[in-house]
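Asks: This is structure_18.pdb (PDB, C-alpha atoms and all ligand atoms).
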```
MODEL        1
ATOM      1  CA  MET O1397     -12.196  16.311 -10.481
ATOM      2  CA  SER O1398      -9.329  15.321 -12.718
ATOM      3  CA  PRO O1399      -8.155  17.772 -15.352
ATOM      4  CA  ASN O1400      -8.905  17.078 -18.988
ATOM      5  CA  VAL O1401      -7.435  13.635 -19.068
ATOM      6  CA  ASN O1402      -7.128  11.697 -22.265
ATOM      7  CA  TRP O1403      -7.793   8.128 -21.185
ATOM      8  CA  ALA O1404      -8.279   6.922 -24.763
ATOM      9  CA  PRO O1405      -4.780   5.456 -25.337
ATOM     10  CA  LEU O1406      -4.979   3.439 -22.115
ATOM     11  CA  ASP O1407      -8.554   2.321 -22.812
ATOM     12  CA  ARG O1408      -7.591   1.310 -26.347
ATOM     13  CA  GLU O1409      -4.525  -0.602 -25.213
ATOM     14  CA  LEU O1410      -6.507  -2.540 -22.631
ATOM     15  CA  GLU O1411      -9.093  -3.309 -25.303
ATOM     16  CA  HIS O1412      -6.333  -4.947 -27.337
ATOM     17  CA  TRP O1413      -5.466  -7.124 -24.345
ATOM     18  CA  ALA O1414      -9.127  -8.038 -23.936
ATOM     19  CA  GLU O1415      -9.519  -8.887 -27.626
ATOM     20  CA  LEU O1416      -6.536 -11.210 -27.380
ATOM     21  CA  ARG O1417      -8.090 -12.750 -24.266
ATOM     22  CA  THR O1418      -4.940 -11.954 -22.324
ATOM     23  CA  VAL O1419      -4.658 -10.365 -18.918
ATOM     24  CA  ALA O1420      -2.511  -7.337 -18.225
ATOM     25  CA  THR O1421      -0.966  -7.864 -14.812
ATOM     26  CA  PHE O1422      -0.021  -4.866 -12.694
ATOM     27  CA  TRP O1423       1.801  -4.474  -9.409
ATOM     28  CA  TRP O1424       2.377  -1.545  -7.073
ATOM     29  CA  ARG O1425       5.533  -0.573  -5.167
ATOM     30  CA  ASP O1426       5.883   2.399  -2.822
ATOM     31  CA  ASP O1427       9.322   3.443  -1.560
ATOM     32  CA  ASP O1428      11.014   5.031   1.463
ATOM     33  CA  ALA O1429       8.731   4.055   4.341
ATOM     34  CA  VAL O1430      10.234   4.462   7.821
ATOM     35  CA  ARG O1431       7.433   5.872   9.977
ATOM     36  CA  TYR O1432       3.703   5.913  10.224
ATOM     37  CA  THR O1433       2.792   9.319   8.795
ATOM     38  CA  PRO O1434      -0.419  10.932   7.522
ATOM     39  CA  ALA O1435       0.826  10.334   3.960
ATOM     40  CA  LEU O1436       1.402   6.652   4.648
ATOM     41  CA  ASN O1437      -2.000   6.413   6.253
ATOM     42  CA  ARG O1438      -3.534   7.890   3.118
ATOM     43  CA  LEU O1439      -1.657   5.430   0.921
ATOM     44  CA  LEU O1440      -2.703   2.446   3.029
ATOM     45  CA  THR O1441      -6.292   3.647   3.009
ATOM     46  CA  ILE O1442      -6.277   3.826  -0.791
ATOM     47  CA  SER O1443      -4.841   0.330  -1.139
ATOM     48  CA  ALA O1444      -7.432  -0.974   1.311
ATOM     49  CA  GLU O1445     -10.337   0.816  -0.357
ATOM     50  CA  PHE O1446      -9.365  -0.431  -3.796
ATOM     51  CA  GLU O1447      -8.531  -3.831  -2.330
ATOM     52  CA  LEU O1448      -5.150  -3.794  -4.037
ATOM     53  CA  PRO O1449      -1.970  -5.510  -2.916
ATOM     54  CA  MET O1450       0.886  -3.107  -2.303
ATOM     55  CA  ALA O1451       4.595  -3.634  -1.714
ATOM     56  CA  LEU O1452       6.189  -1.167   0.661
ATOM     57  CA  ALA O1453       9.963  -0.734   0.342
ATOM     58  CA  VAL O1454      11.120  -0.013   3.906
ATOM     59  CA  ILE O1455      14.512   1.475   4.831
ATOM     60  CA  PRO O1456      15.804  -1.083   7.349
ATOM     61  CA  SER O1457      18.131   0.959   9.557
ATOM     62  CA  ARG O1458      15.582   3.754   9.987
ATOM     63  CA  ALA O1459      12.333   1.795  10.263
ATOM     64  CA  ARG O1460      10.444   2.485  13.488
ATOM     65  CA  ALA O1461       8.555   0.000  15.603
ATOM     66  CA  GLU O1462       5.401   2.139  15.136
ATOM     67  CA  LEU O1463       5.522   1.309  11.428
ATOM     68  CA  ALA O1464       5.459  -2.396  12.197
ATOM     69  CA  ALA O1465       2.575  -1.923  14.618
ATOM     70  CA  CYS O1466       0.535  -0.079  12.011
ATOM     71  CA  LEU O1467       1.285  -2.335   9.027
ATOM     72  CA  GLY O1468       0.292  -5.475  10.885
ATOM     73  CA  SER O1469      -3.384  -4.809  10.255
ATOM     74  CA  TYR O1470      -2.961  -4.276   6.497
ATOM     75  CA  HIS O1471      -2.777  -7.794   5.187
ATOM     76  CA  GLN O1472      -2.596  -6.659   1.571
ATOM     77  CA  VAL O1473       0.796  -5.042   2.245
ATOM     78  CA  SER O1474       4.103  -6.820   1.833
ATOM     79  CA  VAL O1475       7.443  -5.388   2.930
ATOM     80  CA  LEU O1476      10.537  -5.200   0.725
ATOM     81  CA  GLN O1477      14.080  -4.256   1.762
ATOM     82  CA  HIS O1478      15.015  -0.757   0.575
ATOM     83  CA  GLY O1479      18.805  -1.043   0.828
ATOM     84  CA  TYR O1480      20.101  -0.436   4.330
ATOM     85  CA  ALA O1481      20.178   3.247   5.340
ATOM     86  CA  HIS O1482      19.377   4.988   2.024
ATOM     87  CA  ARG O1483      22.642   6.843   2.343
ATOM     88  CA  ASN O1484      24.615   7.906  -0.689
ATOM     89  CA  HIS O1485      28.164   6.549  -0.755
ATOM     90  CA  ALA O1486      29.051   7.583  -4.285
ATOM     91  CA  PRO O1487      31.895  10.084  -4.686
ATOM     92  CA  ALA O1488      31.042  13.617  -5.805
ATOM     93  CA  GLY O1489      29.919  13.793  -9.406
ATOM     94  CA  VAL O1490      28.844  10.149  -9.529
ATOM     95  CA  LYS O1491      25.187   9.103  -9.429
ATOM     96  CA  ALA O1492      23.877   8.310  -5.958
ATOM     97  CA  THR O1493      24.210   4.721  -4.780
ATOM     98  CA  GLU O1494      24.460   2.713  -1.600
ATOM     99  CA  PHE O1495      26.405   0.002  -3.446
ATOM    100  CA  ASP O1496      29.594   1.926  -4.084
ATOM    101  CA  MET O1497      32.942   0.579  -5.180
ATOM    102  CA  HIS O1498      34.935   2.399  -2.505
ATOM    103  CA  ARG O1499      33.981   0.865   0.801
ATOM    104  CA  PRO O1500      35.111  -2.700   1.499
ATOM    105  CA  ARG O1501      32.633  -5.061  -0.122
ATOM    106  CA  HIS O1502      32.198  -7.106   3.027
ATOM    107  CA  ARG O1503      30.984  -4.013   4.858
ATOM    108  CA  ILE O1504      28.228  -3.456   2.315
ATOM    109  CA  ILE O1505      27.259  -7.123   2.485
ATOM    110  CA  ASP O1506      27.190  -6.912   6.285
ATOM    111  CA  GLU O1507      24.803  -3.967   6.039
ATOM    112  CA  LEU O1508      22.512  -5.924   3.749
ATOM    113  CA  VAL O1509      22.444  -8.868   6.139
ATOM    114  CA  CYS O1510      21.875  -6.596   9.116
ATOM    115  CA  GLY O1511      19.044  -4.809   7.279
ATOM    116  CA  ARG O1512      17.469  -8.082   6.268
ATOM    117  CA  GLU O1513      17.516  -9.312   9.868
ATOM    118  CA  ARG O1514      16.076  -6.070  11.175
ATOM    119  CA  ILE O1515      13.065  -5.945   8.876
ATOM    120  CA  GLY O1516      12.610  -9.681   9.419
ATOM    121  CA  ARG O1517      12.216  -8.989  13.128
ATOM    122  CA  LEU O1518       9.958  -5.967  12.612
ATOM    123  CA  PHE O1519       7.664  -7.400   9.920
ATOM    124  CA  PRO O1520       7.864 -11.187  10.291
ATOM    125  CA  GLN O1521       4.511 -11.826   8.609
ATOM    126  CA  GLN O1522       4.931  -9.402   5.717
ATOM    127  CA  VAL O1523       8.573  -9.306   4.667
ATOM    128  CA  LEU O1524       9.673 -10.825   1.350
ATOM    129  CA  PRO O1525      13.308 -11.504   0.364
ATOM    130  CA  ILE O1526      13.286  -8.746  -2.255
ATOM    131  CA  LEU O1527      15.863  -5.968  -2.471
ATOM    132  CA  VAL O1528      14.895  -2.525  -3.777
ATOM    133  CA  PRO O1529      18.227  -0.692  -4.073
ATOM    134  CA  PRO O1530      17.960   3.009  -3.192
ATOM    135  CA  TRP O1531      17.756   5.188  -6.308
ATOM    136  CA  ASN O1532      16.991   1.923  -8.143
ATOM    137  CA  ARG O1533      20.715   1.600  -8.637
ATOM    138  CA  ILE O1534      22.953  -1.408  -8.105
ATOM    139  CA  ASP O1535      25.954  -2.382 -10.165
ATOM    140  CA  HIS O1536      25.716  -5.740 -11.895
ATOM    141  CA  SER O1537      28.799  -6.954 -10.013
ATOM    142  CA  TRP O1538      26.736  -7.087  -6.802
ATOM    143  CA  LEU O1539      23.916  -9.242  -8.064
ATOM    144  CA  ALA O1540      25.476 -12.660  -7.465
ATOM    145  CA  GLU O1541      25.976 -11.666  -3.811
ATOM    146  CA  LEU O1542      22.272 -11.210  -3.171
ATOM    147  CA  PRO O1543      21.081 -14.840  -3.270
ATOM    148  CA  ARG O1544      24.030 -15.743  -1.023
ATOM    149  CA  VAL O1545      22.522 -13.592   1.742
ATOM    150  CA  GLY O1546      19.009 -14.871   1.103
ATOM    151  CA  LEU O1547      17.758 -12.094  -1.159
ATOM    152  CA  THR O1548      16.202 -13.897  -4.102
ATOM    153  CA  GLY O1549      14.276 -11.011  -5.657
ATOM    154  CA  LEU O1550      15.355  -7.635  -7.036
ATOM    155  CA  SER O1551      13.268  -4.647  -8.076
ATOM    156  CA  THR O1552      14.589  -1.543  -9.835
ATOM    157  CA  PHE O1553      13.155   0.673 -12.577
ATOM    158  CA  ARG O1554      12.505   0.158 -16.335
ATOM    159  CA  ALA O1555      11.600  -2.993 -18.232
ATOM    160  CA  ARG O1556      13.717  -5.916 -17.133
ATOM    161  CA  GLU O1557      16.043  -7.648 -19.543
ATOM    162  CA  ARG O1558      15.346 -11.089 -18.160
ATOM    163  CA  ALA O1559      13.252 -12.710 -15.453
ATOM    164  CA  GLU O1560      16.340 -13.971 -13.671
ATOM    165  CA  ALA O1561      18.964 -11.249 -13.318
ATOM    166  CA  VAL O1562      21.570 -13.830 -12.279
ATOM    167  CA  PRO O1563      21.027 -17.441 -11.200
ATOM    168  CA  GLY O1564      18.854 -17.506  -8.098
ATOM    169  CA  LEU O1565      17.764 -13.864  -8.368
ATOM    170  CA  ARG O1566      14.400 -13.005  -9.919
ATOM    171  CA  GLN O1567      13.713  -9.458 -11.072
ATOM    172  CA  VAL O1568      10.496  -7.462 -11.420
ATOM    173  CA  ASN O1569      10.758  -3.713 -11.909
ATOM    174  CA  CYS O1570       8.532  -0.666 -11.941
ATOM    175  CA  HIS O1571       7.778   1.204 -15.143
ATOM    176  CA  VAL O1572       5.977   4.381 -14.241
ATOM    177  CA  ASP O1573       7.220   6.757 -11.547
ATOM    178  CA  LEU O1574       4.740   9.401 -10.426
ATOM    179  CA  ILE O1575       7.464  11.816  -9.314
ATOM    180  CA  ASP O1576       9.369  14.097 -11.667
ATOM    181  CA  TRP O1577      12.759  13.765  -9.963
ATOM    182  CA  ARG O1578      14.663  15.773 -12.522
ATOM    183  CA  GLY O1579      12.216  18.655 -12.554
ATOM    184  CA  ALA O1580      10.129  20.202  -9.810
ATOM    185  CA  ARG O1581       9.988  16.926  -7.824
ATOM    186  CA  GLY O1582       6.226  16.999  -7.962
ATOM    187  CA  PHE O1583       3.796  14.991 -10.059
ATOM    188  CA  VAL O1584       5.206  13.977 -13.416
ATOM    189  CA  GLY O1585       1.940  14.850 -15.169
ATOM    190  CA  TRP O1586      -1.079  12.922 -16.380
ATOM    191  CA  ALA O1587       0.102  12.612 -19.968
ATOM    192  CA  LYS O1588       3.556  11.292 -19.099
ATOM    193  CA  ALA O1589       2.349   8.884 -16.432
ATOM    194  CA  LEU O1590      -0.279   7.390 -18.706
ATOM    195  CA  ALA O1591       2.079   7.290 -21.705
ATOM    196  CA  GLU O1592       4.617   5.261 -19.716
ATOM    197  CA  ILE O1593       1.996   2.772 -18.633
ATOM    198  CA  VAL O1594       0.690   2.392 -22.179
ATOM    199  CA  ALA O1595       4.230   2.074 -23.571
ATOM    200  CA  HIS O1596       5.037  -0.778 -21.216
ATOM    201  CA  LEU O1597       1.772  -2.557 -21.997
ATOM    202  CA  GLN O1598       2.365  -2.168 -25.731
ATOM    203  CA  GLY O1599       5.897  -3.479 -25.378
ATOM    204  CA  ARG O1600       4.619  -6.549 -23.553
ATOM    205  CA  ARG O1601       1.812  -7.159 -26.015
ATOM    206  CA  SER O1602       4.108  -6.921 -29.020
ATOM    207  CA  ALA O1603       6.742  -9.128 -27.338
ATOM    208  CA  ARG O1604       9.283  -6.334 -27.704
ATOM    209  CA  LEU O1605       9.465  -6.512 -23.908
ATOM    210  CA  ASP O1606       9.045  -9.450 -21.558
ATOM    211  CA  ALA O1607       5.282 -10.090 -21.634
ATOM    212  CA  ASN O1608       5.437 -11.815 -18.245
ATOM    213  CA  GLU O1609       6.781  -8.839 -16.343
ATOM    214  CA  PRO O1610       3.821  -7.160 -14.620
ATOM    215  CA  THR O1611       3.568  -3.432 -15.273
ATOM    216  CA  GLY O1612       4.847  -1.737 -12.128
ATOM    217  CA  LEU O1613       3.468   1.450 -10.622
ATOM    218  CA  LEU O1614       6.015   3.276  -8.436
ATOM    219  CA  THR O1615       4.894   5.766  -5.810
ATOM    220  CA  HIS O1616       6.679   7.679  -3.031
ATOM    221  CA  HIS O1617       4.005   8.603  -0.505
ATOM    222  CA  LEU O1618       6.214  11.120   1.337
ATOM    223  CA  ARG O1619       6.644  13.127  -1.853
ATOM    224  CA  HIS O1620       3.104  13.142  -3.142
ATOM    225  CA  ASP O1621       1.559  16.450  -3.984
ATOM    226  CA  VAL O1622      -2.158  16.909  -4.591
ATOM    227  CA  ASP O1623      -1.859  15.875  -8.224
ATOM    228  CA  CYS O1624      -0.039  12.628  -7.394
ATOM    229  CA  TRP O1625      -2.856  11.597  -5.078
ATOM    230  CA  ARG O1626      -5.440  12.657  -7.626
ATOM    231  CA  PHE O1627      -3.789  10.639 -10.381
ATOM    232  CA  LEU O1628      -3.361   7.605  -8.171
ATOM    233  CA  GLU O1629      -7.024   7.423  -7.227
ATOM    234  CA  ALA O1630      -8.261   8.222 -10.729
ATOM    235  CA  PHE O1631      -5.978   5.669 -12.392
ATOM    236  CA  LEU O1632      -6.743   2.886  -9.930
ATOM    237  CA  GLY O1633     -10.445   3.633 -10.232
ATOM    238  CA  ARG O1634     -10.303   3.716 -14.021
ATOM    239  CA  ILE O1635      -8.818   0.258 -14.498
ATOM    240  CA  ARG O1636     -10.213  -1.393 -11.397
ATOM    241  CA  GLU O1637     -13.102  -3.206 -13.041
ATOM    242  CA  HIS O1638     -11.479  -3.799 -16.429
ATOM    243  CA  PRO O1639     -11.776  -7.457 -17.371
ATOM    244  CA  ALA O1640      -8.291  -7.491 -18.920
ATOM    245  CA  VAL O1641      -6.589  -6.159 -15.777
ATOM    246  CA  ARG O1642      -5.386  -8.071 -12.769
ATOM    247  CA  TRP O1643      -3.328  -6.734  -9.862
ATOM    248  CA  VAL O1644      -0.841  -9.154  -8.371
ATOM    249  CA  ASP O1645       1.068  -8.953  -5.116
ATOM    250  CA  ALA O1646       4.856  -8.747  -5.013
ATOM    251  CA  ARG O1647       5.263 -12.456  -4.365
ATOM    252  CA  GLU O1648       3.229 -13.427  -7.400
ATOM    253  CA  ALA O1649       4.807 -10.690  -9.525
ATOM    254  CA  MET O1650       8.258 -11.977  -8.682
ATOM    255  CA  TRP O1651       7.843 -15.732  -8.632
ATOM    256  CA  ALA O1652       4.695 -16.784 -10.488
ATOM    257  CA  ALA O1653       5.636 -16.330 -14.146
TER     258      ALA O1653
HETATM  259 ZN    ZN P   1      14.250   5.399  -2.023
ENDMDL
END
```
Would it be possible to restate this file's structure as structure tokens?
Replies:
Amino acid sequence: MSPNVNWAPLDRELEHWAELRTVATFWWRDDDAVRYTPALNRLLTISAEFELPMALAVIPSRARAELAACLGSYHQVSVLQHGYAHRNHAPAGVKATEFDMHRPRHRIIDELVCGRERIGRLFPQQVLPILVPPWNRIDHSWLAELPRVGLTGLSTFRARERAEAVPGLRQVNCHVDLIDWRGARGFVGWAKALAEIVAHLQGRRSARLDANEPTGLLTHHLRHDVDCWRFLEAFLGRIREHPAVRWVDAREAMWAA
């Protein structure tokens, strides 16, 4: 069973949405898929059992054919482009990025195109033209390039500033990350995870944030410890039947509102 979890703030917040007769939309993104592993199997099973759409950010240059074979039977799963190789090209002392300012720009664009073609071939039924930059990091100067190579959606982390990052490029981010990257790289904790979800919902409801941006849950199946899995199932179960909650797939999250 879950530890002593205080669900009250989340319950209360969703009550506010219900009282206002509004619907809190959610979406789910999981990063770093390359192979069919026991952890991925567990993730896919959860999304199937809860009947929830899930967007899997796949690393194009490393994705295996076995992943495509396995995903084909999960119709609730869409595939997003997770950069190209998930390799850090930032100089020492600078935050990790694949979109550095040191390599020739055309080489980075070529990688993007190559990655887009590769996942298009591997996942023709499930791929969406959405870029998830590794480490959720891409300098603004790159954004106008994305629609030119057919990428018309972008997903990073934290509440978006606007629905269209640049002309022709929609943006929908994630807002709660289950992994504590700066600490022990395990589960971030029940209190923090729930607080981040509630904070985003409150921001939307009060119009301090963009009310139309669905609240995004970010998972990394390869990194999940026992507590991550426990939280995931408890949280999804908790809000599953709530009348003020609706889960949307990545396509709807990105292009519907
Ligand atoms: Zn990643």
Asks: Env of His1620 of chain O: 8 Å cut, atoms = all atoms listed in the file, seq-sep filter 3 positions within chain, self excluded. Answer as an NGL selection string.
Replies: :O and (1435 or 1575 or 1582-1583 or 1616-1617 or 1623-1625)
Asks: Work out how far atom CA of Leu1539 of chain O is from atom CA of His1478 of chain O, in Å to one decimal.
Replies: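 The value is 15.0 Å.
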Asks: Pick out the residues sitting within 12 Å of Ala1630 of chain O, and hand them over as number ranges by chain; count only C-alpha atoms, and ignore anything fewer than 3 positions along from it in its own chain.
Replies: O: 1397-1399, 1401, 1403, 1442, 1446, 1586, 1590, 1623-1627, 1633-1636
Asks: I need the residues from that last selection saved to file as a PDB file, keeping the file's coordinate frame (with C-alpha atoms), if you can.
Replies:
```pdb
ATOM      1  CA  MET O1397     -12.196  16.311 -10.481  1.00  0.00           C
ATOM      2  CA  SER O1398      -9.329  15.321 -12.718  1.00  0.00           C
ATOM      3  CA  PRO O1399      -8.155  17.772 -15.352  1.00  0.00           C
ATOM      4  CA  VAL O1401      -7.435  13.635 -19.068  1.00  0.00           C
ATOM      5  CA  TRP O1403      -7.793   8.128 -21.185  1.00  0.00           C
ATOM      6  CA  ILE O1442      -6.277   3.826  -0.791  1.00  0.00           C
ATOM      7  CA  PHE O1446      -9.365  -0.431  -3.796  1.00  0.00           C
ATOM      8  CA  TRP O1586      -1.079  12.922 -16.380  1.00  0.00           C
ATOM      9  CA  LEU O1590      -0.279   7.390 -18.706  1.00  0.00           C
ATOM     10  CA  ASP O1623      -1.859  15.875  -8.224  1.00  0.00           C
ATOM     11  CA  CYS O1624      -0.039  12.628  -7.394  1.00  0.00           C
ATOM     12  CA  TRP O1625      -2.856  11.597  -5.078  1.00  0.00           C
ATOM     13  CA  ARG O1626      -5.440  12.657  -7.626  1.00  0.00           C
ATOM     14  CA  PHE O1627      -3.789  10.639 -10.381  1.00  0.00           C
ATOM     15  CA  GLY O1633     -10.445   3.633 -10.232  1.00  0.00           C
ATOM     16  CA  ARG O1634     -10.303   3.716 -14.021  1.00  0.00           C
ATOM     17  CA  ILE O1635      -8.818   0.258 -14.498  1.00  0.00           C
ATOM     18  CA  ARG O1636     -10.213  -1.393 -11.397  1.00  0.00           C
TER      19      ARG O1636
END
```
Asks: Would you kindly translate the PyMOL selection byres (((not hetatm)) within 7 of (chain P and resi 1)) into the concrete residues it picks from this file, as a list of chain:residue names?
Replies: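 Those residues are O:Asp1427, O:Asp1428, O:His1478, O:His1482, O:Pro1530, O:Trp1531.
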Asks: Only C-alpha atoms, please: the residues just picked out, written as a PDB file, in the frame of the given file.
Replies:
```pdb
ATOM      1  CA  ASP O1427       9.322   3.443  -1.560  1.00  0.00           C
ATOM      2  CA  ASP O1428      11.014   5.031   1.463  1.00  0.00           C
ATOM      3  CA  HIS O1478      15.015  -0.757   0.575  1.00  0.00           C
ATOM      4  CA  HIS O1482      19.377   4.988   2.024  1.00  0.00           C
ATOM      5  CA  PRO O1530      17.960   3.009  -3.192  1.00  0.00           C
ATOM      6  CA  TRP O1531      17.756   5.188  -6.308  1.00  0.00           C
TER       7      TRP O1531
END
```
Asks: Skip Gln1522 of chain O itself and residues of its chain fewer than 6 positions away, then list as a VMD selection string all residues within 7 Å of it, counting all atoms listed in the file.
Replies: chain O and resid 1473 to 1475
Asks: What's the 12 Å shell around Pro1405 of chain O, counting only C-alpha atoms, without same-chain residues fewer than 5 positions away, as an MDAnalysis selection string?
Replies: chainID O and resid 1410:1412 1587:1595 1597:1598
Asks: With distances taken over all atoms listed in the file, which residue among O:Asp1573, O:Asp1506, O:Glu1513, O:Asp1407 lies nearest Asn1532 of chain O?
Replies: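 Of all the options, O:Asp1573 lies closest to Asn1532 of chain O.
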Asks: Would you translate the PyMOL selection byres (((chain O and resi 1652) around 12) and not hetatm) into the concrete set of residues it matches in this file, as a ChimeraX atom specification?
Replies: /O:1421,1559,1566-1568,1608-1610,1644-1651,1653
Asks: How big is the axis-aligned box around the listed atoms of segment 1484-1498 of chain O once 3 Å is added on each side, and where is its centre? Give both in Å to one decimal, as lines of an AutoDock Vina configuration file.
Replies:
```
center_x = 29.4
center_y = 6.9
center_z = -5.1
size_x = 17.1
size_y = 19.8
size_z = 14.8
```
Asks: Write out as a PyMOL selection string the residues lying within 10 Å of Pro1563 of chain O, counting all atoms listed in the file and excluding same-chain residues fewer than 2 positions away.
Replies: chain O and resi 1539-1540+1543+1548+1560-1561+1565-1566
Asks: Which of these, O:Ala1453, O:Glu1445, O:Arg1533, O:Gln1521, has the shortest distance to His1485 of chain O once you count all atoms listed in the file?
Replies: O:Arg1533
Asks: For this file, the PyMOL selection byres (((chain O and resi 1420) around 6) and not hetatm) selects which residues, as a VMD selection string?
Replies: chain O and resid 1419 1421 1640 to 1641
Asks: Please indicate the distance in Å from atom CA of Leu1574 of chain O to atom CA of Arg1554 of chain O, rounded to one decimal place.
Replies: 13.4 Å
Asks: Quick one, how far is atom CA of Gln1477 of chain O from atom CA of Asp1496 of chain O?
Replies: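 Atom-to-atom, atom CA of Gln1477 of chain O and atom CA of Asp1496 of chain O are spaced 17.7 Å apart.
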Asks: Please determine, counting only C-alpha atoms, which residue among O:Arg1425, O:Arg1600, O:Arg1417, O:His1471 has the shortest atom-to-atom distance to Leu1613 of chain O.
Replies: O:Arg1425
Asks: When you count all atoms listed in the file, which of these residues is closest to Ile1504 of chain O: O:Ile1534, O:Trp1424, O:Thr1441, O:Ala1429?
Replies: O:Ile1534
Asks: Between O:Ile1515, O:Val1572, O:Ile1526, O:Val1509, which has the minimum distance to Thr1611 of chain O (counting only C-alpha atoms)?
Replies: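 The shortest atom-to-atom distance to Thr1611 of chain O comes from O:Val1572.
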